[in-house]
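What follows is the content of my_file16.cif (mmCIF, C-alpha atoms).
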data_upload
loop_
_atom_site.label_atom_id
_atom_site.label_comp_id
_atom_site.auth_asym_id
_atom_site.auth_seq_id
_atom_site.Cartn_x
_atom_site.Cartn_y
_atom_site.Cartn_z
CA MET A 7 -15.77 -7.99 81.17
CA ASN A 8 -13.10 -6.79 78.78
CA THR A 9 -15.18 -6.73 75.64
CA ASN A 10 -17.25 -3.69 74.85
CA GLU A 11 -20.68 -5.25 74.47
CA LYS A 12 -22.19 -2.12 73.01
CA GLU A 13 -20.22 -2.65 69.84
CA ALA A 14 -22.11 -5.13 67.74
CA PRO A 15 -19.99 -8.00 66.49
CA ALA A 16 -18.98 -7.90 62.88
CA GLN A 17 -21.34 -10.75 62.14
CA ASP A 18 -24.70 -10.43 60.54
CA ASP A 19 -27.83 -10.52 62.60
CA ILE A 20 -28.71 -14.02 61.50
CA GLU A 21 -25.59 -15.51 63.07
CA THR A 22 -26.35 -13.93 66.44
CA LEU A 23 -29.78 -15.57 66.35
CA LEU A 24 -28.42 -19.12 65.93
CA PRO A 25 -28.39 -19.96 69.68
CA TRP A 26 -32.05 -19.03 70.03
CA HIS A 27 -32.91 -20.91 66.87
CA ALA A 28 -31.26 -24.03 68.29
CA ALA A 29 -33.17 -23.59 71.56
CA GLY A 30 -36.46 -23.09 69.71
CA THR A 31 -37.19 -19.71 71.25
CA LEU A 32 -37.29 -17.50 68.16
CA SER A 33 -40.46 -16.02 66.74
CA ARG A 34 -41.82 -17.86 63.70
CA ARG A 35 -40.69 -15.03 61.44
CA ASP A 36 -37.10 -15.00 62.75
CA ALA A 37 -36.94 -18.79 62.73
CA GLN A 38 -37.90 -18.75 59.06
CA ARG A 39 -35.23 -16.15 58.31
CA VAL A 40 -32.63 -18.35 59.99
CA GLU A 41 -33.86 -21.47 58.19
CA ASP A 42 -33.62 -19.70 54.83
CA ALA A 43 -30.10 -18.49 55.58
CA LEU A 44 -28.99 -21.94 56.73
CA ALA A 45 -30.31 -23.48 53.53
CA ARG A 46 -28.25 -21.19 51.30
CA ASN A 47 -25.10 -20.76 53.38
CA PRO A 48 -23.07 -23.94 54.13
CA GLU A 49 -20.61 -22.07 56.38
CA LEU A 50 -23.49 -20.78 58.50
CA ALA A 51 -24.87 -24.31 58.65
CA ARG A 52 -21.48 -25.55 59.90
CA ARG A 53 -21.49 -22.89 62.63
CA TYR A 54 -25.03 -23.85 63.52
CA ALA A 55 -23.78 -27.38 64.17
CA LEU A 56 -21.35 -25.88 66.70
CA VAL A 57 -24.21 -24.05 68.38
CA ARG A 58 -26.22 -27.27 68.66
CA GLU A 59 -23.18 -28.97 70.19
CA GLU A 60 -22.96 -26.19 72.81
CA LEU A 61 -26.68 -26.47 73.50
CA GLY A 62 -26.42 -30.21 74.14
CA GLU A 63 -23.42 -29.88 76.43
CA THR A 64 -24.93 -26.97 78.37
CA ILE A 65 -28.01 -29.08 79.09
CA HIS A 66 -25.78 -32.02 80.03
CA LEU A 67 -23.72 -29.85 82.36
CA ASN A 68 -26.76 -28.38 84.11
CA GLU A 69 -28.44 -31.73 84.46
CA THR A 70 -25.42 -33.08 86.30
CA LEU A 71 -25.57 -30.32 88.89
CA GLY A 72 -27.97 -32.26 91.06
CA ALA A 73 -30.75 -30.85 93.19
CA PRO A 74 -30.95 -29.05 96.50
CA SER A 75 -31.50 -31.02 99.69
CA ALA A 76 -34.76 -31.03 101.62
CA ARG A 77 -33.17 -28.41 103.87
CA ALA A 78 -34.04 -25.69 101.32
CA MET A 79 -37.73 -26.51 101.40
CA GLU A 80 -37.79 -26.88 105.18
CA ALA A 81 -36.12 -23.51 105.59
CA LEU A 82 -38.54 -21.90 103.17
CA PHE A 83 -41.71 -23.19 104.82
CA ALA A 84 -40.41 -22.39 108.29
CA LYS A 85 -40.04 -18.79 107.11
CA ILE A 86 -43.45 -18.83 105.45
CA ASP A 87 -45.07 -20.16 108.62
CA ALA A 88 -43.48 -17.29 110.52
CA GLU A 89 -45.04 -14.76 108.11
CA PRO A 90 -48.28 -12.96 109.05
CA LYS A 91 -51.41 -14.80 107.87
CA ARG A 92 -53.18 -13.47 104.80
CA THR A 93 -56.91 -13.00 105.00
CA ALA A 94 -58.38 -12.33 101.56
CA MET A 95 -58.38 -14.99 98.89
CA GLY A 96 -56.72 -13.83 95.73
CA GLY A 97 -55.67 -10.29 96.52
CA ALA A 98 -54.02 -8.36 93.76
CA GLY A 99 -52.67 -11.55 92.26
CA SER A 100 -56.09 -12.81 91.24
CA LEU A 101 -57.29 -9.60 89.67
CA ASN A 102 -57.42 -9.13 85.94
CA LEU A 103 -55.96 -12.58 85.47
CA SER A 104 -57.58 -13.02 82.08
CA SER A 105 -55.25 -10.47 80.54
CA ARG A 106 -52.36 -12.02 82.43
CA PHE A 107 -53.29 -15.44 81.12
CA THR A 108 -53.09 -14.13 77.56
CA GLY A 109 -49.68 -12.63 78.28
CA TRP A 110 -48.52 -15.87 79.78
CA LEU A 111 -49.54 -17.77 76.65
CA GLU A 112 -47.67 -15.27 74.49
CA ASN A 113 -44.55 -15.72 76.58
CA LEU A 114 -44.39 -19.49 76.34
CA ALA A 115 -41.43 -20.77 74.37
CA PRO A 116 -42.44 -21.92 70.87
CA ARG A 117 -41.09 -25.39 71.67
CA THR A 118 -43.42 -25.66 74.67
CA LEU A 119 -46.36 -24.29 72.73
CA ALA A 120 -45.81 -26.62 69.82
CA PHE A 121 -46.18 -29.66 72.06
CA ALA A 122 -48.76 -28.51 74.57
CA GLY A 123 -50.70 -26.50 72.00
CA GLY A 124 -51.26 -29.44 69.70
CA VAL A 125 -52.83 -31.65 72.35
CA ALA A 126 -54.80 -28.81 73.91
CA ALA A 127 -56.11 -27.58 70.57
CA ILE A 128 -57.67 -30.95 69.74
CA ALA A 129 -59.35 -31.17 73.15
CA ILE A 130 -60.61 -27.59 72.91
CA LEU A 131 -62.00 -28.12 69.42
CA LEU A 132 -63.89 -31.25 70.43
CA GLN A 133 -65.19 -29.57 73.55
CA ALA A 134 -66.20 -26.41 71.66
CA GLY A 135 -68.60 -28.42 69.51
CA LEU A 136 -70.28 -29.87 72.60
CA ILE A 137 -70.46 -26.54 74.41
CA ALA A 138 -72.02 -24.90 71.35
CA THR A 139 -74.92 -27.30 71.82
CA ILE A 140 -75.30 -26.18 75.44
CA MET A 141 -75.18 -22.53 74.41
CA VAL A 142 -77.97 -23.03 71.87
CA LYS A 143 -80.00 -24.80 74.56
CA GLN A 144 -79.37 -22.00 77.06
CA ASN A 145 -80.01 -19.23 74.51
CA PRO A 146 -82.90 -20.46 72.33
CA THR A 147 -83.49 -16.92 71.06
CA SER A 148 -80.03 -16.99 69.44
CA GLY A 149 -79.02 -13.69 70.83
CA PHE A 150 -82.30 -11.78 70.51
CA GLU A 151 -82.97 -10.09 73.85
CA THR A 152 -85.59 -7.63 74.98
CA ALA A 153 -84.60 -4.53 76.93
CA SER A 154 -87.06 -5.49 79.64
CA ALA A 155 -85.34 -8.76 80.44
CA PRO A 156 -82.18 -7.77 82.33
CA SER A 157 -81.73 -11.18 83.89
CA THR A 158 -80.87 -12.68 80.51
CA ALA A 159 -79.27 -9.70 78.79
CA PRO A 160 -75.70 -10.65 77.88
CA GLY A 161 -74.06 -7.54 79.35
CA VAL A 162 -75.83 -7.53 82.73
CA GLY A 163 -74.73 -9.54 85.75
CA ALA A 164 -71.51 -10.98 87.15
CA PHE A 165 -69.18 -12.89 84.87
CA THR A 166 -66.19 -15.19 84.86
CA LEU A 167 -63.98 -16.65 82.19
CA ILE A 168 -63.85 -20.42 82.39
CA ARG A 169 -61.80 -22.98 80.54
CA PHE A 170 -63.31 -26.39 81.08
CA ALA A 171 -61.04 -29.32 81.88
CA PRO A 172 -60.24 -31.19 78.62
CA GLN A 173 -61.47 -34.46 80.11
CA ALA A 174 -64.85 -32.97 81.13
CA SER A 175 -67.72 -34.60 79.22
CA PHE A 176 -70.80 -32.93 77.76
CA ASP A 177 -72.87 -34.27 80.67
CA ASP A 178 -70.35 -33.08 83.25
CA ILE A 179 -70.38 -29.54 81.87
CA ASN A 180 -74.18 -29.50 81.49
CA LYS A 181 -74.67 -30.70 85.08
CA PHE A 182 -72.10 -28.22 86.39
CA LEU A 183 -73.88 -25.31 84.69
CA GLU A 184 -77.32 -26.38 85.87
CA GLN A 185 -76.29 -27.06 89.46
CA ASN A 186 -74.59 -23.70 89.80
CA LYS A 187 -77.22 -21.79 87.75
CA LEU A 188 -74.58 -20.61 85.28
CA MET A 189 -75.01 -19.47 81.71
CA ILE A 190 -72.42 -19.44 78.94
CA VAL A 191 -72.65 -16.02 77.33
CA SER A 192 -69.95 -16.28 74.68
CA GLY A 193 -66.83 -18.10 73.63
CA PRO A 194 -64.59 -19.79 73.13
CA VAL A 195 -61.95 -17.08 72.89
CA ALA A 196 -58.15 -17.52 72.94
CA GLY A 197 -57.12 -20.36 75.21
CA GLY A 198 -60.55 -22.07 75.01
CA LEU A 199 -62.08 -19.62 77.51
CA TYR A 200 -65.84 -19.10 77.80
CA LYS A 201 -67.55 -16.07 79.31
CA VAL A 202 -69.96 -17.42 81.89
CA ARG A 203 -72.60 -15.45 83.81
CA VAL A 204 -72.51 -16.45 87.48
CA GLY A 205 -75.16 -14.03 88.73
CA ASP A 206 -77.93 -11.84 87.37
CA ASN A 207 -76.72 -8.84 89.32
CA THR A 208 -73.33 -7.21 89.61
CA LEU A 209 -71.38 -8.67 92.53
CA SER A 210 -68.72 -7.06 94.71
CA LYS A 211 -65.11 -8.12 94.31
CA ASP A 212 -65.33 -10.22 97.47
CA GLN A 213 -68.59 -11.86 96.45
CA ILE A 214 -67.34 -12.85 93.02
CA GLY A 215 -64.09 -14.00 94.62
CA GLU A 216 -66.11 -16.39 96.76
CA VAL A 217 -67.99 -17.66 93.70
CA VAL A 218 -64.74 -18.25 91.81
CA LYS A 219 -63.26 -20.00 94.83
CA LYS A 220 -66.26 -22.32 95.00
CA LEU A 221 -66.44 -23.06 91.27
CA GLN A 222 -62.74 -23.78 90.87
CA GLN A 223 -63.14 -26.72 93.26
CA ASP A 224 -65.22 -28.51 90.61
CA LYS A 225 -63.28 -30.99 88.48
CA VAL A 226 -65.02 -29.66 85.38
CA VAL A 227 -63.17 -26.34 85.75
CA GLY A 228 -59.67 -26.23 84.34
CA PHE A 229 -59.19 -22.51 84.79
CA ILE A 230 -61.38 -19.68 86.07
CA VAL A 231 -60.96 -15.95 86.53
CA THR A 232 -63.27 -13.01 87.03
CA THR A 233 -64.10 -10.74 84.11
CA GLN A 234 -66.42 -7.87 83.26
CA MET B 4 -53.48 -34.86 82.85
CA GLN B 5 -54.36 -31.24 83.50
CA THR B 6 -51.77 -29.24 85.45
CA THR B 7 -52.40 -25.90 87.08
CA SER B 8 -50.59 -23.10 85.30
CA ASP B 9 -47.91 -21.11 87.07
CA GLU B 10 -50.13 -18.05 86.69
CA VAL B 11 -52.93 -19.67 88.62
CA LEU B 12 -50.51 -20.85 91.30
CA ILE B 13 -49.19 -17.32 91.73
CA ALA B 14 -52.73 -15.98 92.11
CA ARG B 15 -53.43 -18.59 94.78
CA ILE B 16 -50.14 -17.86 96.53
CA ALA B 17 -51.14 -14.19 96.60
CA GLY B 18 -54.16 -15.31 98.59
CA GLY B 19 -51.98 -17.20 101.07
CA ASP B 20 -52.39 -20.71 99.62
CA ARG B 21 -49.49 -22.68 101.14
CA LEU B 22 -50.22 -25.74 99.02
CA ALA B 23 -49.93 -23.70 95.81
CA MET B 24 -46.53 -22.58 97.08
CA GLN B 25 -45.50 -26.20 97.54
CA VAL B 26 -46.56 -27.02 93.99
CA LEU B 27 -44.69 -24.05 92.55
CA PHE B 28 -41.60 -24.91 94.59
CA ALA B 29 -41.69 -28.56 93.50
CA ARG B 30 -42.08 -27.49 89.89
CA HIS B 31 -39.25 -24.96 89.71
CA HIS B 32 -36.82 -25.28 92.59
CA VAL B 33 -34.33 -27.55 90.83
CA ARG B 34 -33.93 -25.27 87.84
CA VAL B 35 -33.71 -22.17 90.03
CA PHE B 36 -31.15 -23.96 92.20
CA ARG B 37 -29.04 -24.85 89.18
CA PHE B 38 -29.22 -21.31 87.82
CA VAL B 39 -28.07 -19.91 91.16
CA LEU B 40 -25.45 -22.60 91.68
CA ARG B 41 -23.85 -21.83 88.31
CA LEU B 42 -23.52 -18.22 89.44
CA VAL B 43 -22.38 -18.61 93.06
CA ARG B 44 -20.61 -22.00 92.68
CA ASN B 45 -21.36 -23.03 96.23
CA GLU B 46 -24.09 -25.56 97.01
CA ALA B 47 -24.79 -24.40 100.56
CA THR B 48 -25.08 -20.79 99.41
CA ALA B 49 -27.29 -21.82 96.48
CA GLU B 50 -29.61 -23.73 98.83
CA ASP B 51 -29.89 -20.75 101.15
CA LEU B 52 -30.59 -18.50 98.21
CA ILE B 53 -33.41 -20.56 96.74
CA SER B 54 -35.22 -20.39 100.07
CA GLU B 55 -34.88 -16.63 99.89
CA VAL B 56 -36.01 -16.55 96.25
CA PHE B 57 -39.18 -18.51 96.96
CA LEU B 58 -39.84 -16.49 100.11
CA ASP B 59 -39.76 -13.37 97.94
CA ILE B 60 -42.20 -15.05 95.56
CA TRP B 61 -44.49 -15.80 98.51
CA ARG B 62 -44.32 -12.19 99.63
CA GLN B 63 -44.55 -10.54 96.21
CA ALA B 64 -47.05 -12.84 94.46
CA GLY B 65 -49.75 -10.19 94.77
CA LYS B 66 -47.58 -7.75 92.84
CA PHE B 67 -46.89 -10.12 89.95
CA GLU B 68 -48.35 -8.45 86.88
CA GLY B 69 -48.07 -11.30 84.42
CA ARG B 70 -46.17 -9.29 81.84
CA SER B 71 -43.64 -12.11 81.64
CA ALA B 72 -43.62 -15.83 82.32
CA VAL B 73 -43.52 -16.80 85.98
CA SER B 74 -40.23 -18.64 85.41
CA THR B 75 -38.70 -15.46 83.96
CA TRP B 76 -39.82 -13.51 87.01
CA MET B 77 -38.38 -16.18 89.31
CA LEU B 78 -35.02 -16.19 87.51
CA SER B 79 -34.88 -12.38 87.79
CA ILE B 80 -35.30 -12.64 91.55
CA ALA B 81 -32.80 -15.51 91.72
CA ARG B 82 -30.25 -13.54 89.74
CA PHE B 83 -30.59 -10.51 92.01
CA LYS B 84 -30.13 -12.70 95.09
CA ALA B 85 -27.13 -14.51 93.60
CA LEU B 86 -25.36 -11.31 92.56
CA SER B 87 -26.01 -9.76 95.98
CA ALA B 88 -24.50 -12.86 97.61
CA LEU B 89 -21.48 -12.66 95.32
CA ARG B 90 -20.98 -9.02 96.18
CA ARG B 91 -21.18 -9.88 99.87
CA ARG B 92 -18.66 -12.64 99.45
CA GLN B 93 -16.31 -10.46 97.42
CA ASP B 94 -14.27 -13.41 96.34
CA ASP B 95 -15.40 -13.88 92.79
CA GLU B 96 -11.99 -15.15 91.87
CA LEU B 97 -13.36 -17.74 89.53
CA ASP B 98 -13.57 -16.07 86.16
CA GLU B 99 -10.35 -15.32 84.34
CA GLU B 100 -8.31 -17.17 86.97
CA THR B 101 -10.28 -20.33 86.39
CA ALA B 102 -9.66 -20.07 82.69
CA GLU B 103 -5.96 -19.65 83.36
CA ARG B 104 -5.91 -22.68 85.65
CA ILE B 105 -7.45 -24.77 82.91
CA GLU B 106 -4.86 -23.52 80.46
CA ASP B 107 -2.07 -24.36 82.89
CA HIS B 108 -3.24 -27.93 83.22
CA ALA B 109 -3.94 -28.43 79.56
CA ASP B 110 -1.41 -31.19 79.14
CA ASP B 111 -1.76 -33.18 82.33
CA PRO B 112 -2.81 -36.84 81.99
CA GLU B 113 -6.33 -36.16 83.19
CA THR B 114 -6.85 -33.50 80.56
CA ALA B 115 -5.27 -35.64 77.89
CA LEU B 116 -7.85 -38.29 78.71
CA ALA B 117 -10.60 -35.70 78.63
CA LYS B 118 -9.53 -34.64 75.16
CA LYS B 119 -10.81 -37.95 73.94
CA ASP B 120 -14.26 -36.78 74.91
CA LYS B 121 -14.91 -33.47 73.20
CA GLY B 122 -18.17 -33.11 75.10
CA ALA B 123 -16.40 -33.36 78.44
CA VAL B 124 -13.89 -30.71 77.41
CA LEU B 125 -16.69 -28.45 76.20
CA ARG B 126 -18.46 -28.81 79.54
CA GLN B 127 -15.21 -28.04 81.34
CA CYS B 128 -14.83 -24.87 79.28
CA LEU B 129 -18.45 -23.88 79.93
CA THR B 130 -17.62 -24.00 83.62
CA ALA B 131 -14.56 -21.82 83.06
CA LEU B 132 -16.46 -18.93 81.48
CA SER B 133 -17.01 -15.68 83.39
CA ALA B 134 -20.19 -15.35 85.48
CA GLU B 135 -21.78 -13.08 82.86
CA HIS B 136 -21.02 -15.48 80.05
CA ARG B 137 -22.13 -18.56 82.02
CA GLU B 138 -25.34 -16.79 82.86
CA VAL B 139 -26.30 -15.84 79.32
CA ILE B 140 -25.41 -19.27 77.95
CA ASP B 141 -27.44 -21.03 80.65
CA LEU B 142 -30.45 -18.75 80.18
CA VAL B 143 -30.51 -19.31 76.43
CA TYR B 144 -29.57 -22.98 76.18
CA TYR B 145 -30.81 -24.51 79.44
CA HIS B 146 -33.61 -22.24 80.63
CA GLU B 147 -34.92 -21.69 77.07
CA LYS B 148 -35.27 -17.96 77.44
CA SER B 149 -35.89 -15.74 74.42
CA VAL B 150 -33.82 -12.62 73.67
CA GLU B 151 -36.54 -10.50 75.29
CA GLU B 152 -36.69 -12.67 78.40
CA VAL B 153 -32.91 -12.69 78.86
CA ALA B 154 -33.00 -8.90 78.55
CA GLU B 155 -35.65 -8.74 81.25
CA ILE B 156 -33.80 -11.09 83.60
CA THR B 157 -30.41 -9.46 83.20
CA GLY B 158 -31.64 -5.89 82.85
CA ILE B 159 -29.72 -5.18 79.65
CA PRO B 160 -30.98 -4.16 76.18
CA GLU B 161 -31.92 -6.91 73.73
CA ALA B 162 -29.11 -5.94 71.34
CA THR B 163 -26.64 -6.34 74.20
CA VAL B 164 -28.08 -9.76 75.00
CA LYS B 165 -27.29 -10.93 71.45
CA THR B 166 -23.82 -9.42 71.61
CA ARG B 167 -23.10 -10.89 75.02
CA MET B 168 -24.13 -14.32 73.80
CA PHE B 169 -21.91 -13.92 70.76
CA TYR B 170 -18.89 -13.05 72.89
CA ALA B 171 -19.66 -15.80 75.38
CA ARG B 172 -19.56 -18.30 72.53
CA LYS B 173 -16.42 -16.72 71.14
CA LYS B 174 -14.73 -17.03 74.54
CA LEU B 175 -15.84 -20.63 74.71
CA SER B 176 -14.18 -21.32 71.37
CA GLU B 177 -10.98 -19.68 72.60
CA LEU B 178 -10.96 -21.87 75.72
CA LEU B 179 -11.51 -24.93 73.57
CA LYS B 180 -8.63 -23.93 71.34
CA GLN B 181 -6.39 -23.62 74.39
CA LYS B 182 -7.38 -27.17 75.21
CA GLY B 183 -6.43 -28.33 71.73
CA ILE B 184 -9.83 -28.28 70.09
CA ASP B 185 -10.01 -25.88 67.15
CA ARG B 186 -13.58 -25.46 65.95
CA GLY B 187 -12.63 -23.16 63.09
CA TRP B 188 -14.73 -20.39 64.58
CA PRO B 189 -14.60 -17.48 65.09
#
Could you write out this structure as structure tokens?
Amino acid sequence: MNTNEKEAPAQDDIETLLPWHAAGTLSRRDAQRVEDALARNPELARRYALVREELGETIHLNETLGAPSARAMEALFAKIDAEPKRTAMGGAGSLNLSSRFTGWLENLAPRTLAFAGGVAAIAILLQAGLIATIMVKQNPTSGFETASAPSTAPGVGAFTLIRFAPQASFDDINKFLEQNKLMIVSGPVAGGLYKVRVGDNTLSKDQIGEVVKKLQQDKVVGFIVTTQ
Amino acid sequence: MQTTSDEVLIARIAGGDRLAMQVLFARHHVRVFRFVLRLVRNEATAEDLISEVFLDIWRQAGKFEGRSAVSTWMLSIARFKALSALRRRQDDELDEETAERIEDHADDPETALAKKDKGAVLRQCLTALSAEHREVIDLVYYHEKSVEEVAEITGIPEATVKTRMFYARKKLSELLKQKGIDRGWP
């Protein structure tokens, strides 16, 4: 490339942000800065119209590129089938997924979050009210625990983080918890996740992996990972 | 309807779940293909490369740390594969030469007709940009990547991402001007 990219263009920072503003991928703070500048600067607003034009045509261009043939998928799975079999479920990819899940949420484009977040938030709020009832039922002492009762102490045992499927009813969740002898310890935290005790004693990584594998088959579970 | 997140799919793929791989492939292969195709400009090569990209995902799923979105990670792998293929081919004659070709044909009847459709001309000029400029424009406008994500995919500082995008747009305006469309910027 001929241009020295290390030299910043003689435009203010706001103008360089216009493409990301048009695509909806700026932080709320930066988006507000751009909005304010657009409102008071007609020339910037005119240039923003050019950016939006480019955005539309770039999408149009890419959408006309077509898709790969089935050959790509066939080639891929032929190679995968030739790979050595993996034995353990999960492996490194399933470990510490709760922190990864949070990171994933943070990395979603604001446009995606605005749509998906609105629908999910309503479902999570409704569900949270129902699950609070279950938690009260499961913890009638409202958090008071004796030191001599390790089986019910909140910090003892094996735990998972579960987000229940939005369509799961109160009865579904109640039945699921009873059948699997599970107890909701706390929640919901970010992403509608509940901390659920799956065993009174600490389990090995493999054992809890098996439990997670079994529980995630249930339609009530939208998302499940191990936690401490 | 509840869909499994990419994160969950990657965790399952790490455990050897072939079905999770199929879901991830179905969800992303078209966009990855288009990203690669815009870089290598050859459909057969792009198809070969997406198989390689997803094979890498299959092999490396256990190492995915979740510090970025799965799609960002996939595009990083795709970009590396595409650039390696371009280096192997050593015939990346398409950048400035393509722009010159467009300039040369600016007044032929076909182009004159295209002038009536500003959108078509703009798309033609988008195709004529250099690989670096096409890439940044596609990542921002089509793949909806933030400044930070583009920096991660391309391996350049965030400030350079903004500057590269600025110059890509500037070049686009110059190409449009050569085709008779003056946008009054820059």
*Just so the selection is clear, what residues does the PyMOL selection byres ((chain B) within 7 of (chain A)) cover here, as a count of residues only?*
39
*CA of Ile156 in chain B to CA of Ala171 in chain B, straight-line distance in Å*: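 Answer for the CA of Ala171 in chain B to CA of Ile156 in chain B separation: 17.0 Å.
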*Mind giving me the straight-line distance from CA of Pro189 in chain B to CA of Ala45 in chain A in Å, one decimal?*
20.4 Å
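Using the PyMOL selection byres ((chain A and resi 200) around 9) on this structure selects Thr166, Leu167, Ile168, Arg169, Phe170, Ile190, Val191, Ser192, Gly193, Pro194, Val195, Gly198, Leu199, Lys201 and Val202 of chain A.
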*State, in Å with one decimal place, the distance from CA of Val153 in chain B to CA of Val124 in chain B.*
26.2 Å
_I want to know what sits within 12 Å of Lys84 in chain B, based on all atoms listed in the file, with residues of the same chain fewer than 3 positions away left out; could you give that as a PyMOL selection string?_
chain B and resi 35-36+38-40+42-43+48-59+77-81+87-91
*Would you please work out which residue, of B:Ala123, B:Ala154, B:Ser133, B:Pro160, is nearest to Arg172 in chain B when using all atoms listed in the file?*
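Going through B:Ala123, B:Ala154, B:Ser133, B:Pro160 one by one, the smallest distance to Arg172 in chain B is for B:Ser133.
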*Just the residues within 9 Å of Lys174 in chain B, please, counting only C-alpha atoms, with nothing from its chain fewer than 5 positions along; format it as an MDAnalysis selection string.*
chainID B and resid 132 136 169 179
_Given the PyMOL selection byres ((chain B and resi 180) around 12) and the file above, list the residues it selects as a ChimeraX atom specification._
/B:105-106,109,118,121,124-125,128,173-179,181-189
Repaired coordinates for range 12-25 of chain B (N, CA and C atoms) as a PDB file, in the coordinates of the input:
ATOM      1  N   LEU B  12     -51.186 -20.605  90.019  1.00  0.00           N
ATOM      2  CA  LEU B  12     -50.510 -20.850  91.300  1.00  0.00           C
ATOM      3  C   LEU B  12     -50.122 -19.533  91.965  1.00  0.00           C
ATOM      4  N   ILE B  13     -49.604 -18.617  91.172  1.00  0.00           N
ATOM      5  CA  ILE B  13     -49.190 -17.320  91.730  1.00  0.00           C
ATOM      6  C   ILE B  13     -50.402 -16.576  92.307  1.00  0.00           C
ATOM      7  N   ALA B  14     -51.521 -16.639  91.602  1.00  0.00           N
ATOM      8  CA  ALA B  14     -52.730 -15.980  92.110  1.00  0.00           C
ATOM      9  C   ALA B  14     -53.164 -16.603  93.436  1.00  0.00           C
ATOM     10  N   ARG B  15     -53.051 -17.925  93.518  1.00  0.00           N
ATOM     11  CA  ARG B  15     -53.430 -18.590  94.780  1.00  0.00           C
ATOM     12  C   ARG B  15     -52.434 -18.265  95.897  1.00  0.00           C
ATOM     13  N   ILE B  16     -51.161 -18.197  95.523  1.00  0.00           N
ATOM     14  CA  ILE B  16     -50.140 -17.860  96.530  1.00  0.00           C
ATOM     15  C   ILE B  16     -50.397 -16.449  97.070  1.00  0.00           C
ATOM     16  N   ALA B  17     -50.825 -15.565  96.168  1.00  0.00           N
ATOM     17  CA  ALA B  17     -51.140 -14.190  96.600  1.00  0.00           C
ATOM     18  C   ALA B  17     -52.230 -14.187  97.659  1.00  0.00           C
ATOM     19  N   GLY B  18     -53.097 -15.199  97.602  1.00  0.00           N
ATOM     20  CA  GLY B  18     -54.160 -15.310  98.590  1.00  0.00           C
ATOM     21  C   GLY B  18     -53.753 -16.115  99.819  1.00  0.00           C
ATOM     22  N   GLY B  19     -52.473 -16.497  99.892  1.00  0.00           N
ATOM     23  CA  GLY B  19     -51.980 -17.200 101.070  1.00  0.00           C
ATOM     24  C   GLY B  19     -52.095 -18.717 101.002  1.00  0.00           C
ATOM     25  N   ASP B  20     -52.229 -19.259  99.777  1.00  0.00           N
ATOM     26  CA  ASP B  20     -52.390 -20.710  99.620  1.00  0.00           C
ATOM     27  C   ASP B  20     -51.009 -21.399  99.728  1.00  0.00           C
ATOM     28  N   ARG B  21     -50.780 -22.039 100.855  1.00  0.00           N
ATOM     29  CA  ARG B  21     -49.490 -22.680 101.140  1.00  0.00           C
ATOM     30  C   ARG B  21     -49.251 -23.871 100.200  1.00  0.00           C
ATOM     31  N   LEU B  22     -50.341 -24.580  99.898  1.00  0.00           N
ATOM     32  CA  LEU B  22     -50.220 -25.740  99.020  1.00  0.00           C
ATOM     33  C   LEU B  22     -49.778 -25.321  97.613  1.00  0.00           C
ATOM     34  N   ALA B  23     -50.336 -24.209  97.133  1.00  0.00           N
ATOM     35  CA  ALA B  23     -49.930 -23.700  95.810  1.00  0.00           C
ATOM     36  C   ALA B  23     -48.443 -23.379  95.819  1.00  0.00           C
ATOM     37  N   MET B  24     -47.957 -22.896  96.960  1.00  0.00           N
ATOM     38  CA  MET B  24     -46.530 -22.580  97.080  1.00  0.00           C
ATOM     39  C   MET B  24     -45.697 -23.868  96.993  1.00  0.00           C
ATOM     40  N   GLN B  25     -46.218 -24.906  97.605  1.00  0.00           N
ATOM     41  CA  GLN B  25     -45.500 -26.200  97.540  1.00  0.00           C
ATOM     42  C   GLN B  25     -45.424 -26.710  96.106  1.00  0.00           C
TER      43      GLN B  25
END
